[in-house]
4 protein chains.
Amino acid sequence: MNILGISGALRKASTNTGLLRAMKEMAPAKVTVEVATLHGIPLFNEDDEAATGKPQAVRDLDARIRAADGIVIACPEYNFSIPGVLKNATDWLSRGGSPFRWKRVGIVGAGGGQFVGTARAQYHLRQNLQALQAITMPRPEVFVNHNEQKFDAAGNLTDDETRHHLAKWFESFLEWVEKKP
Amino acid sequence: MNILGISGALRKASTNTGLLRAMKEMAPAKVTVEVATLHGIPLFNEDDEAATGKPQAVRDLDARIRAADGIVIACPEYNFSIPGVLKNATDWLSRGGSPFRWKRVGIVGAGGGQFVGTARAQYHLRQNLQALQAITMPRPEVFVNHNEQKFDAAGNLTDDETRHHLAKWFESFLEWVEKKP
Amino acid sequence: MNILGISGALRKASTNTGLLRAMKEMAPAKVTVEVATLHGIPLFNEDDEAATGKPQAVRDLDARIRAADGIVIACPEYNFSIPGVLKNATDWLSRGGSPFRWKRVGIVGAGGGQFVGTARAQYHLRQNLQALQAITMPRPEVFVNHNEQKFDAAGNLTDDETRHHLAKWFESFLEWVEKKP
Amino acid sequence: MNILGISGALRKASTNTGLLRAMKEMAPAKVTVEVATLHGIPLFNEDDEAATGKPQAVRDLDARIRAADGIVIACPEYNFSIPGVLKNATDWLSRGGSPFRWKRVGIVGAGGGQFVGTARAQYHLRQNLQALQAITMPRPEVFVNHNEQKFDAAGNLTDDETRHHLAKWFESFLEWVEKKP
């Protein structure tokens, strides 16, 4: 089974990219996890699209999504919603037929501080993915908070309890992708 | 009174920018309407921010928002949510203190086709603006649909009924900004 | 195939119940459509639940949901969200294990007036159904507006174009239930 | 100043009603806090409304809302959204002119367990209150979780840190009601 992780953050030491790396490490032998980032995808502008077509970085990500058996999106929260960078990528990807159509998708997210993790962003992302016709796993969910205590400075997950929780979520996700309930 | 319109679309012939131009034309003598676009605001990346600080285009927009008595955001809908370009601008604007704090904000939107105008995007934008501490007018609302019948090829509003509806909305908005209920 | 329609409105002449009756009429020979309403489900109160358990009307609806191959919920919109009556029913149904778990669910809605049909309610219902672990069809969607022109006084669908649009949606839904993508 | 607290839960030992009682205790001398519950408001049904009009419990709550300088709603979360009981009350209150129009409203919520408190419900409630034309305080917010550690069996708030956090929120809210920014 081939899983594609997409990180919604561009920052090099992003904890959300770190969640995807942790999943790569914990994947069972029969499962491959690749991690994609959104670097190189320009701001969407219909005038640019008309002039020069879909950028190569968008075409590449489109192809990787189509080739995957399941997708995990690691979604930061900025100002109670999806990062502009991630929303912008889906704006491009939707043009000319969504690669997410009927794809099995899971969502995870990590954020700093005490309260609601990345919940607000995740629910907006679910509505966005509905437009793209993805089939998004309803539950369980992953909301990592207090990032400052759970990741090192390079964005690697160092907290055992979070790792254990993520591993259980990932197991549920793989079962969901395989069984297609 | 000084109103700043912000268009969430980069396209030159954008109908959403057209809505703001129409408001500029219909403003009463004592009201100034300026129209800002989001051109020149790069994709947000914390690494870039740390290296080079806030881009000039962000600083300029921040200053214009602070100077305005009220803000109107014209919000397209892409894939059941806010355009990435608009969300990305608010991600930058929120850094180091939101210029929208306690500002009176109104939302309008135009989209093609039959059904729900830009409603889905507008509700996501409201949650986004809540994070920025804006005071957003609850009602009335503007959802223009069937753009293809109501704007010319340059994005100018040509439909009289829509113009009338928009004028009534704008009157309510100006009263809301002035009275501060 | 056995489809259960659930109407979110109690009104006898409800247009949303009317949408479900129309689906019953248009179902192909191999498909049975039953229409359930929420009459008899009391307001949820944990104290009542502790004292007297789950009401019979809730147990009956729970059993019908479990027995169905697919569920269609017809969802009115009240004040930009789900009717309290419908939300209250899901509050009861969730107690002690959701009957919606892994069930295929479709959403339709009808409302009066010009603009956004029941879109706002439908997106809240989707989030509610996510909690109940339903697998909700992402697209296509049904937003009937201008009810006053499309239904008779008894809530029967009389508009041919809407009937045609609903029939196409229902065909997509039945395929979605059968194929389980 | 006269603040009306409305509890979204019917349970006698509700922790959300407990949050409102705590606010009553911490109110400064010049501020009165009354706590209202939704007992006695029947399920909304347009047929019943046509036959017998607005129930007395709805009329009473409507009058109390109109008389208040500010409203605090304590909102539990059931299945990722507003309790049906609370939504049902707003369905009744909206009939014939919203008493919330231009009213200053604050939202708090308490829930059990680890993660996102009552955030999902609060954002749905905000959209619901928008329909009712309330002016809802954007920030700060209150999301109490781990109820089982912070309230006694009668639903009284016993946790000092939460009390302190709530007191700070309440102070912000009173300032917001008074200054009307």
# chains A, B, ... in the order shown; residues from 1 in each chain; ligands from 1

call {"tool": "interface_residues", "arguments": {"of": "chain A", "to": "chain B", "cutoff": "8 Å", "atoms": "only C-alpha atoms", "output": "compact mmCIF listing (two decimals) with all heavy atoms, in the first residue's frame"}}
result
# COMPACT_ATOMS: atom_id res chain seq x y z
N ALA A 9 2.43 22.96 5.68
CA ALA A 9 3.33 24.04 6.14
C ALA A 9 4.61 24.04 5.32
O ALA A 9 5.14 22.99 4.96
CB ALA A 9 3.68 23.84 7.61
N LEU A 10 5.12 25.22 5.02
CA LEU A 10 6.35 25.35 4.25
C LEU A 10 7.60 25.39 5.13
O LEU A 10 8.71 25.12 4.67
CB LEU A 10 6.31 26.63 3.41
CG LEU A 10 5.24 26.71 2.31
CD1 LEU A 10 5.32 28.06 1.60
CD2 LEU A 10 5.38 25.58 1.32
N ARG A 11 7.42 25.73 6.39
CA ARG A 11 8.57 25.90 7.28
C ARG A 11 9.40 24.62 7.34
O ARG A 11 8.88 23.53 7.46
CB ARG A 11 8.05 26.25 8.68
CG ARG A 11 9.12 26.70 9.65
CD ARG A 11 8.46 27.39 10.83
NE ARG A 11 7.57 26.48 11.54
CZ ARG A 11 7.88 25.86 12.68
NH1 ARG A 11 9.06 26.06 13.24
NH2 ARG A 11 7.02 25.07 13.27
N LYS A 12 10.69 24.78 7.30
CA LYS A 12 11.60 23.63 7.28
C LYS A 12 11.41 22.75 8.52
O LYS A 12 11.36 21.52 8.41
CB LYS A 12 13.04 24.14 7.24
CG LYS A 12 13.92 23.28 6.35
CD LYS A 12 15.29 23.88 6.15
CE LYS A 12 16.20 22.79 5.58
NZ LYS A 12 17.56 23.29 5.35
N PRO A 42 2.91 28.22 -6.99
CA PRO A 42 2.72 29.68 -6.89
C PRO A 42 1.30 30.03 -6.46
O PRO A 42 0.41 29.17 -6.45
CB PRO A 42 2.97 30.15 -8.33
CG PRO A 42 2.56 28.99 -9.17
CD PRO A 42 2.89 27.74 -8.38
N LEU A 43 1.10 31.28 -6.12
CA LEU A 43 -0.25 31.77 -5.82
C LEU A 43 -1.14 31.60 -7.05
O LEU A 43 -0.72 31.90 -8.18
CB LEU A 43 -0.19 33.24 -5.40
CG LEU A 43 0.31 33.43 -3.97
CD1 LEU A 43 0.85 34.84 -3.76
CD2 LEU A 43 -0.82 33.15 -2.97
N PHE A 44 -2.34 31.13 -6.84
CA PHE A 44 -3.27 30.89 -7.94
C PHE A 44 -3.82 32.20 -8.48
O PHE A 44 -4.30 33.05 -7.72
CB PHE A 44 -4.43 30.01 -7.47
CG PHE A 44 -5.43 29.78 -8.56
CD1 PHE A 44 -5.13 28.95 -9.63
CD2 PHE A 44 -6.66 30.43 -8.54
CE1 PHE A 44 -6.03 28.76 -10.66
CE2 PHE A 44 -7.58 30.25 -9.57
CZ PHE A 44 -7.26 29.41 -10.63
N ASN A 45 -3.76 32.34 -9.79
CA ASN A 45 -4.28 33.52 -10.47
C ASN A 45 -4.77 33.04 -11.83
O ASN A 45 -4.00 32.52 -12.63
CB ASN A 45 -3.15 34.56 -10.60
CG ASN A 45 -3.60 35.83 -11.31
OD1 ASN A 45 -4.58 35.82 -12.05
ND2 ASN A 45 -2.88 36.92 -11.09
N GLU A 46 -6.07 33.19 -12.07
CA GLU A 46 -6.63 32.68 -13.31
C GLU A 46 -5.97 33.27 -14.54
O GLU A 46 -5.91 32.62 -15.59
CB GLU A 46 -8.14 32.98 -13.37
CG GLU A 46 -9.00 31.88 -12.77
CD GLU A 46 -10.48 32.16 -12.98
OE1 GLU A 46 -11.00 31.94 -14.09
OE2 GLU A 46 -11.10 32.62 -12.00
N ASP A 47 -5.47 34.52 -14.45
CA ASP A 47 -4.77 35.13 -15.58
C ASP A 47 -3.48 34.37 -15.90
O ASP A 47 -3.18 34.08 -17.05
CB ASP A 47 -4.46 36.61 -15.30
CG ASP A 47 -5.73 37.46 -15.22
OD1 ASP A 47 -6.76 37.08 -15.82
OD2 ASP A 47 -5.70 38.50 -14.54
N TYR A 78 -3.94 28.42 11.01
CA TYR A 78 -3.60 29.84 11.07
C TYR A 78 -4.90 30.61 11.18
O TYR A 78 -5.75 30.53 10.28
CB TYR A 78 -2.86 30.29 9.82
CG TYR A 78 -1.49 29.70 9.58
CD1 TYR A 78 -0.92 29.73 8.31
CD2 TYR A 78 -0.75 29.11 10.61
CE1 TYR A 78 0.34 29.20 8.06
CE2 TYR A 78 0.51 28.59 10.37
CZ TYR A 78 1.05 28.64 9.10
OH TYR A 78 2.30 28.11 8.86
N ASN A 79 -5.06 31.38 12.22
CA ASN A 79 -6.22 32.25 12.35
C ASN A 79 -7.55 31.52 12.15
O ASN A 79 -8.39 31.92 11.36
CB ASN A 79 -6.10 33.42 11.36
CG ASN A 79 -4.87 34.25 11.64
OD1 ASN A 79 -4.68 34.72 12.76
ND2 ASN A 79 -4.00 34.39 10.65
N PHE A 80 -7.71 30.44 12.88
CA PHE A 80 -8.96 29.67 12.94
C PHE A 80 -9.35 29.03 11.61
O PHE A 80 -10.52 28.71 11.40
CB PHE A 80 -10.13 30.55 13.42
CG PHE A 80 -10.03 31.08 14.81
CD1 PHE A 80 -8.90 30.90 15.59
CD2 PHE A 80 -11.09 31.78 15.38
CE1 PHE A 80 -8.82 31.40 16.90
CE2 PHE A 80 -11.03 32.28 16.68
CZ PHE A 80 -9.90 32.09 17.43
N SER A 81 -8.39 28.82 10.72
CA SER A 81 -8.73 28.18 9.45
C SER A 81 -7.48 27.53 8.84
O SER A 81 -6.42 27.50 9.45
CB SER A 81 -9.36 29.19 8.49
OG SER A 81 -9.83 28.56 7.32
N ILE A 82 -7.66 27.00 7.64
CA ILE A 82 -6.59 26.36 6.86
C ILE A 82 -5.49 27.38 6.52
O ILE A 82 -5.81 28.52 6.21
CB ILE A 82 -7.16 25.85 5.52
CG1 ILE A 82 -8.51 25.14 5.71
CG2 ILE A 82 -6.18 24.97 4.80
CD1 ILE A 82 -9.22 24.83 4.40
N PRO A 83 -4.20 26.99 6.51
CA PRO A 83 -3.18 27.91 6.00
C PRO A 83 -3.49 28.30 4.56
O PRO A 83 -3.93 27.45 3.77
CB PRO A 83 -1.89 27.09 6.06
CG PRO A 83 -2.15 25.99 7.03
CD PRO A 83 -3.62 25.71 6.94
N GLY A 84 -3.23 29.56 4.21
CA GLY A 84 -3.41 30.00 2.83
C GLY A 84 -2.61 29.14 1.85
O GLY A 84 -3.07 28.83 0.75
N VAL A 85 -1.43 28.75 2.27
CA VAL A 85 -0.55 27.95 1.41
C VAL A 85 -1.22 26.62 1.02
O VAL A 85 -1.15 26.18 -0.13
CB VAL A 85 0.79 27.70 2.15
CG1 VAL A 85 1.58 26.58 1.51
CG2 VAL A 85 1.60 29.00 2.20
N LEU A 86 -1.88 25.99 1.97
CA LEU A 86 -2.55 24.71 1.70
C LEU A 86 -3.81 24.93 0.87
O LEU A 86 -4.09 24.21 -0.08
CB LEU A 86 -2.89 24.02 3.03
CG LEU A 86 -3.68 22.72 2.96
CD1 LEU A 86 -2.99 21.68 2.07
CD2 LEU A 86 -3.87 22.14 4.37
N LYS A 87 -4.58 25.96 1.23
CA LYS A 87 -5.81 26.24 0.47
C LYS A 87 -5.46 26.58 -0.98
O LYS A 87 -6.14 26.13 -1.92
CB LYS A 87 -6.59 27.39 1.14
CG LYS A 87 -7.89 27.72 0.45
CD LYS A 87 -8.80 26.50 0.35
CE LYS A 87 -10.13 26.77 -0.27
NZ LYS A 87 -10.10 27.47 -1.54
N ASN A 88 -4.39 27.34 -1.15
CA ASN A 88 -3.95 27.72 -2.48
C ASN A 88 -3.59 26.49 -3.32
O ASN A 88 -3.90 26.42 -4.52
CB ASN A 88 -2.72 28.65 -2.34
CG ASN A 88 -2.19 29.11 -3.66
OD1 ASN A 88 -2.85 29.85 -4.38
ND2 ASN A 88 -0.98 28.66 -4.00
N ALA A 89 -2.96 25.50 -2.69
CA ALA A 89 -2.60 24.27 -3.42
C ALA A 89 -3.86 23.54 -3.89
O ALA A 89 -3.92 23.06 -5.02
CB ALA A 89 -1.75 23.36 -2.53
N THR A 90 -4.90 23.48 -3.04
CA THR A 90 -6.12 22.79 -3.48
C THR A 90 -6.83 23.60 -4.57
O THR A 90 -7.50 23.02 -5.42
CB THR A 90 -7.09 22.49 -2.31
OG1 THR A 90 -7.62 23.70 -1.81
CG2 THR A 90 -6.39 21.72 -1.20
N ASP A 91 -6.68 24.93 -4.55
CA ASP A 91 -7.27 25.75 -5.62
C ASP A 91 -6.69 25.35 -6.98
O ASP A 91 -7.41 25.19 -7.96
CB ASP A 91 -7.03 27.25 -5.36
CG ASP A 91 -7.78 27.76 -4.13
OD1 ASP A 91 -8.68 27.06 -3.64
OD2 ASP A 91 -7.44 28.86 -3.65
N SER A 94 -7.70 21.59 -8.05
CA SER A 94 -9.09 21.36 -8.47
C SER A 94 -9.32 21.66 -9.95
O SER A 94 -10.33 21.26 -10.52
CB SER A 94 -10.03 22.24 -7.65
OG SER A 94 -9.87 23.61 -8.00
N HIS A 124 -12.55 23.10 8.44
CA HIS A 124 -12.58 23.84 7.17
C HIS A 124 -11.97 22.99 6.05
O HIS A 124 -12.48 22.96 4.93
CB HIS A 124 -11.85 25.18 7.30
CG HIS A 124 -12.68 26.24 7.97
ND1 HIS A 124 -12.38 27.57 7.92
CD2 HIS A 124 -13.83 26.16 8.69
CE1 HIS A 124 -13.30 28.27 8.58
NE2 HIS A 124 -14.17 27.43 9.07
N GLN A 127 -14.42 20.50 4.64
CA GLN A 127 -15.38 21.06 3.69
C GLN A 127 -14.71 21.31 2.34
O GLN A 127 -15.30 21.07 1.29
CB GLN A 127 -15.98 22.35 4.25
CG GLN A 127 -17.10 22.91 3.39
CD GLN A 127 -17.90 23.99 4.10
OE1 GLN A 127 -18.35 23.81 5.23
NE2 GLN A 127 -18.07 25.12 3.45
N ASN A 128 -13.47 21.77 2.39
CA ASN A 128 -12.69 21.98 1.17
C ASN A 128 -12.51 20.65 0.42
O ASN A 128 -12.70 20.57 -0.80
CB ASN A 128 -11.34 22.57 1.59
CG ASN A 128 -10.42 22.93 0.45
OD1 ASN A 128 -9.21 22.92 0.62
ND2 ASN A 128 -10.95 23.24 -0.71
N LEU A 129 -12.20 19.58 1.16
CA LEU A 129 -12.00 18.27 0.54
C LEU A 129 -13.31 17.68 0.02
O LEU A 129 -13.31 16.89 -0.93
CB LEU A 129 -11.36 17.30 1.54
CG LEU A 129 -9.89 17.57 1.84
CD1 LEU A 129 -9.42 16.77 3.05
CD2 LEU A 129 -9.01 17.23 0.62
N GLN A 130 -14.41 18.08 0.63
CA GLN A 130 -15.71 17.63 0.11
C GLN A 130 -15.90 18.16 -1.33
O GLN A 130 -16.36 17.43 -2.21
CB GLN A 130 -16.84 18.14 1.01
CG GLN A 130 -18.21 17.65 0.57
CD GLN A 130 -19.33 18.58 1.00
OE1 GLN A 130 -19.21 19.27 2.01
NE2 GLN A 130 -20.42 18.57 0.27
N ALA A 131 -15.53 19.42 -1.53
CA ALA A 131 -15.63 20.00 -2.87
C ALA A 131 -14.79 19.20 -3.87
O ALA A 131 -15.16 19.06 -5.03
CB ALA A 131 -15.17 21.46 -2.85
N LEU A 132 -13.66 18.67 -3.39
CA LEU A 132 -12.76 17.91 -4.25
C LEU A 132 -13.17 16.44 -4.33
O LEU A 132 -12.45 15.63 -4.91
CB LEU A 132 -11.32 18.04 -3.72
CG LEU A 132 -10.79 19.49 -3.66
CD1 LEU A 132 -9.48 19.54 -2.90
CD2 LEU A 132 -10.61 20.06 -5.06

call {"tool": "residues_around", "arguments": {"residues": "Gly155 of chain B", "least_positions_apart": "6", "cutoff": "12 Å", "atoms": "only C-alpha atoms", "output": "list in words"}}
result
Ala9, Arg11, Lys12, Ala13, Ser14, Thr15, Asn16, Thr17, Gly18, Leu19, Leu20, Arg21, Ala22, Ala110, Gly111, Asn147, Glu148 and Gln149 of chain B

call {"tool": "write_last_selection", "arguments": {"atoms": "N, CA, C and O atoms", "output": "mmCIF file, in the first residue's frame"}}
result
data_model
loop_
_atom_site.group_PDB
_atom_site.id
_atom_site.type_symbol
_atom_site.label_atom_id
_atom_site.label_comp_id
_atom_site.auth_asym_id
_atom_site.auth_seq_id
_atom_site.Cartn_x
_atom_site.Cartn_y
_atom_site.Cartn_z
ATOM 1 N N ALA B 9 -9.615 38.347 -5.084
ATOM 2 C CA ALA B 9 -9.230 37.710 -6.349
ATOM 3 C C ALA B 9 -8.143 38.509 -7.034
ATOM 4 O O ALA B 9 -8.152 39.739 -7.017
ATOM 5 N N ARG B 11 -7.377 38.042 -10.383
ATOM 6 C CA ARG B 11 -7.696 38.157 -11.806
ATOM 7 C C ARG B 11 -8.069 39.596 -12.160
ATOM 8 O O ARG B 11 -8.815 40.237 -11.446
ATOM 9 N N LYS B 12 -7.549 40.069 -13.270
ATOM 10 C CA LYS B 12 -7.746 41.451 -13.691
ATOM 11 C C LYS B 12 -9.233 41.771 -13.862
ATOM 12 O O LYS B 12 -9.710 42.819 -13.427
ATOM 13 N N ALA B 13 -9.956 40.854 -14.487
ATOM 14 C CA ALA B 13 -11.375 41.087 -14.773
ATOM 15 C C ALA B 13 -12.270 40.470 -13.696
ATOM 16 O O ALA B 13 -13.430 40.150 -13.950
ATOM 17 N N SER B 14 -11.736 40.349 -12.488
ATOM 18 C CA SER B 14 -12.492 39.732 -11.390
ATOM 19 C C SER B 14 -13.828 40.436 -11.136
ATOM 20 O O SER B 14 -13.887 41.664 -11.017
ATOM 21 N N THR B 15 -14.889 39.649 -11.036
ATOM 22 C CA THR B 15 -16.204 40.204 -10.723
ATOM 23 C C THR B 15 -16.268 40.667 -9.265
ATOM 24 O O THR B 15 -17.048 41.561 -8.939
ATOM 25 N N ASN B 16 -15.462 40.085 -8.412
ATOM 26 C CA ASN B 16 -15.452 40.533 -7.022
ATOM 27 C C ASN B 16 -14.816 41.912 -6.904
ATOM 28 O O ASN B 16 -15.324 42.771 -6.178
ATOM 29 N N THR B 17 -13.727 42.133 -7.632
ATOM 30 C CA THR B 17 -13.169 43.483 -7.684
ATOM 31 C C THR B 17 -14.207 44.423 -8.295
ATOM 32 O O THR B 17 -14.344 45.579 -7.868
ATOM 33 N N GLY B 18 -14.966 43.911 -9.263
ATOM 34 C CA GLY B 18 -16.038 44.702 -9.885
ATOM 35 C C GLY B 18 -17.103 45.139 -8.887
ATOM 36 O O GLY B 18 -17.621 46.269 -8.965
ATOM 37 N N LEU B 19 -17.442 44.282 -7.940
ATOM 38 C CA LEU B 19 -18.408 44.670 -6.898
ATOM 39 C C LEU B 19 -17.896 45.869 -6.109
ATOM 40 O O LEU B 19 -18.660 46.778 -5.758
ATOM 41 N N LEU B 20 -16.599 45.869 -5.823
ATOM 42 C CA LEU B 20 -16.016 46.978 -5.048
ATOM 43 C C LEU B 20 -15.994 48.271 -5.868
ATOM 44 O O LEU B 20 -16.275 49.349 -5.337
ATOM 45 N N ARG B 21 -15.686 48.138 -7.148
ATOM 46 C CA ARG B 21 -15.728 49.336 -8.010
ATOM 47 C C ARG B 21 -17.150 49.914 -8.058
ATOM 48 O O ARG B 21 -17.337 51.134 -8.018
ATOM 49 N N ALA B 22 -18.127 49.014 -8.112
ATOM 50 C CA ALA B 22 -19.518 49.481 -8.129
ATOM 51 C C ALA B 22 -19.849 50.236 -6.840
ATOM 52 O O ALA B 22 -20.555 51.250 -6.855
ATOM 53 N N ALA B 110 -19.306 37.328 -5.166
ATOM 54 C CA ALA B 110 -19.951 37.013 -6.441
ATOM 55 C C ALA B 110 -19.343 35.739 -7.011
ATOM 56 O O ALA B 110 -18.139 35.508 -6.890
ATOM 57 N N GLY B 111 -20.193 34.917 -7.606
ATOM 58 C CA GLY B 111 -19.721 33.672 -8.200
ATOM 59 C C GLY B 111 -20.576 33.277 -9.391
ATOM 60 O O GLY B 111 -21.685 33.791 -9.574
ATOM 61 N N ASN B 147 -22.833 35.094 -12.282
ATOM 62 C CA ASN B 147 -21.941 36.186 -12.706
ATOM 63 C C ASN B 147 -21.959 36.408 -14.212
ATOM 64 O O ASN B 147 -21.868 37.545 -14.682
ATOM 65 N N GLU B 148 -22.036 35.302 -14.936
ATOM 66 C CA GLU B 148 -21.922 35.352 -16.408
ATOM 67 C C GLU B 148 -23.026 36.215 -17.016
ATOM 68 O O GLU B 148 -22.888 36.713 -18.136
ATOM 69 N N GLN B 149 -24.107 36.441 -16.253
ATOM 70 C CA GLN B 149 -25.205 37.265 -16.768
ATOM 71 C C GLN B 149 -25.185 38.691 -16.206
ATOM 72 O O GLN B 149 -25.995 39.521 -16.600
#

call {"tool": "closest_residue", "arguments": {"among": "B:Pro55, B:Gly109, B:Pro181, B:Gly96", "to": "Val142 of chain B", "atoms": "only C-alpha atoms"}}
result
B:Gly109

call {"tool": "closest_residue", "arguments": {"among": "B:Pro99, B:Pro140, B:Val72, B:Ala153", "to": "Lys168 of chain B", "atoms": "only C-alpha atoms"}}
result
B:Pro140

call {"tool": "residues_around", "arguments": {"residues": "Pro28 of chain A", "least_positions_apart": "6", "cutoff": "10 Å", "atoms": "only C-alpha atoms", "output": "short mmCIF file (atom, residue, chain, number, x, y, z; two decimals) with N, CA, C and O atoms, in the first residue's frame"}}
result
data_model
loop_
_atom_site.label_atom_id
_atom_site.label_comp_id
_atom_site.auth_asym_id
_atom_site.auth_seq_id
_atom_site.Cartn_x
_atom_site.Cartn_y
_atom_site.Cartn_z
N MET A 1 0.84 -1.20 0.00
CA MET A 1 0.00 0.00 0.00
C MET A 1 0.88 1.26 0.00
O MET A 1 1.91 1.30 0.67
N GLU A 171 -2.96 3.23 12.27
CA GLU A 171 -3.47 1.87 12.10
C GLU A 171 -4.94 1.90 11.66
O GLU A 171 -5.34 1.19 10.74
N LEU A 174 -5.07 3.06 7.98
CA LEU A 174 -4.68 2.04 7.00
C LEU A 174 -5.80 1.01 6.81
O LEU A 174 -6.07 0.57 5.69
#

call {"tool": "atom_distance", "arguments": {"atom1": "atom CA of Ile71 of chain C", "atom2": "atom CA of Asn2 of chain C"}}
result
8.8 Å

call {"tool": "residues_around", "arguments": {"residues": "Met26 of chain D", "least_positions_apart": "6", "cutoff": "10 Å", "atoms": "only C-alpha atoms", "output": "list of chain:residue names"}}
result
D:Leu20, D:Val33, D:Arg163, D:His164, D:Leu166, D:Ala167, D:Phe170, D:Glu171

call {"tool": "residues_around", "arguments": {"residues": "Ala36 of chain B", "least_positions_apart": "5", "cutoff": "8 Å", "atoms": "only C-alpha atoms", "output": "VMD selection string"}}
result
chain B and resid 4 to 7 61

call {"tool": "write_last_selection", "arguments": {"atoms": "N, CA, C and O atoms", "output": "PDB file, in the first residue's frame"}}
result
ATOM      1  N   LEU B   4     -12.339  50.986   3.016  1.00  0.00           N
ATOM      2  CA  LEU B   4     -11.374  50.261   2.197  1.00  0.00           C
ATOM      3  C   LEU B   4     -12.000  48.961   1.704  1.00  0.00           C
ATOM      4  O   LEU B   4     -12.451  48.138   2.508  1.00  0.00           O
ATOM      5  N   GLY B   5     -12.045  48.794   0.402  1.00  0.00           N
ATOM      6  CA  GLY B   5     -12.485  47.519  -0.177  1.00  0.00           C
ATOM      7  C   GLY B   5     -11.279  46.653  -0.488  1.00  0.00           C
ATOM      8  O   GLY B   5     -10.294  47.145  -1.047  1.00  0.00           O
ATOM      9  N   ILE B   6     -11.335  45.381  -0.100  1.00  0.00           N
ATOM     10  CA  ILE B   6     -10.238  44.454  -0.396  1.00  0.00           C
ATOM     11  C   ILE B   6     -10.792  43.330  -1.260  1.00  0.00           C
ATOM     12  O   ILE B   6     -11.742  42.644  -0.860  1.00  0.00           O
ATOM     13  N   SER B   7     -10.209  43.147  -2.416  1.00  0.00           N
ATOM     14  CA  SER B   7     -10.664  42.077  -3.307  1.00  0.00           C
ATOM     15  C   SER B   7      -9.875  40.805  -3.059  1.00  0.00           C
ATOM     16  O   SER B   7      -8.644  40.821  -3.022  1.00  0.00           O
ATOM     17  N   LEU B  61      -0.782  47.202   3.142  1.00  0.00           N
ATOM     18  CA  LEU B  61      -2.182  46.838   3.341  1.00  0.00           C
ATOM     19  C   LEU B  61      -2.570  46.986   4.809  1.00  0.00           C
ATOM     20  O   LEU B  61      -3.652  47.486   5.141  1.00  0.00           O
TER      21      LEU B  61
END

call {"tool": "atom_distance", "arguments": {"atom1": "atom CA of Met23 of chain C", "atom2": "atom CA of Asp69 of chain C"}}
result
15.3 Å

call {"tool": "select_by_dssp", "arguments": {"residues": "chain C", "states": "strand (DSSP E or B)", "output": "MDAnalysis selection string"}}
result
chainID C and resid 2:7 32:36 70:74 78 81 104:110 135:136 142:144 151 157

call {"tool": "select_by_dssp", "arguments": {"residues": "segment 13-143 of chain C", "states": "helix (DSSP H, G or I)", "output": "PyMOL selection string"}}
result
chain C and resi 15-26+46-52+56-67+84-93+119-131

call {"tool": "residues_around", "arguments": {"residues": "Val116 of chain D", "least_positions_apart": "6", "cutoff": "8 Å", "atoms": "only C-alpha atoms", "output": "short mmCIF file (atom, residue, chain, number, x, y, z; two decimals) with N, CA, C and O atoms, in the first residue's frame"}}
result
data_model
loop_
_atom_site.label_atom_id
_atom_site.label_comp_id
_atom_site.auth_asym_id
_atom_site.auth_seq_id
_atom_site.Cartn_x
_atom_site.Cartn_y
_atom_site.Cartn_z
N PHE A 115 -5.07 25.05 23.81
CA PHE A 115 -6.46 24.69 23.62
C PHE A 115 -6.82 23.73 22.50
O PHE A 115 -6.80 22.54 22.65
N VAL A 116 -7.25 24.23 21.41
CA VAL A 116 -8.01 23.38 20.51
C VAL A 116 -7.21 22.79 19.35
O VAL A 116 -7.77 22.38 18.35
N GLY A 117 -5.87 22.69 19.56
CA GLY A 117 -5.05 22.06 18.53
C GLY A 117 -5.36 22.72 17.21
O GLY A 117 -5.44 23.94 17.11
N ALA A 119 -8.14 22.03 15.40
CA ALA A 119 -9.50 21.56 15.10
C ALA A 119 -10.20 22.47 14.10
O ALA A 119 -10.81 22.01 13.14
N PHE D 143 -12.85 27.66 26.49
CA PHE D 143 -13.09 26.24 26.20
C PHE D 143 -12.64 25.42 27.41
O PHE D 143 -11.46 25.10 27.51
N ASN D 145 -12.17 22.06 29.30
CA ASN D 145 -12.26 20.61 29.07
C ASN D 145 -11.99 19.87 30.38
O ASN D 145 -11.89 20.49 31.43
#

call {"tool": "atom_distance", "arguments": {"atom1": "atom CA of Gly8 of chain D", "atom2": "atom CA of Ile73 of chain D"}}
result
7.1 Å

call {"tool": "residues_around", "arguments": {"residues": "Phe100 of chain B", "least_positions_apart": "4", "cutoff": "7 Å", "atoms": "only C-alpha atoms", "output": "JSON list (two decimals) with N, CA and C atoms, in the first residue's frame"}}
result
[["chain", "number", "residue", "atom", "x", "y", "z"],
["B", 65, "ILE", "N", -5.63, 49.33, 6.22],
["B", 65, "ILE", "CA", -6.71, 48.78, 7.05],
["B", 65, "ILE", "C", -6.84, 49.61, 8.34],
["B", 132, "LEU", "N", -9.06, 37.35, 13.87],
["B", 132, "LEU", "CA", -8.41, 38.65, 13.74],
["B", 132, "LEU", "C", -9.12, 39.74, 14.53],
["B", 133, "GLN", "N", -10.16, 39.36, 15.28],
["B", 133, "GLN", "CA", -10.91, 40.24, 16.18],
["B", 133, "GLN", "C", -11.71, 41.32, 15.46],
["B", 134, "ALA", "N", -12.05, 41.07, 14.22],
["B", 134, "ALA", "CA", -12.93, 41.99, 13.50],
["B", 134, "ALA", "C", -14.35, 41.90, 14.06]]
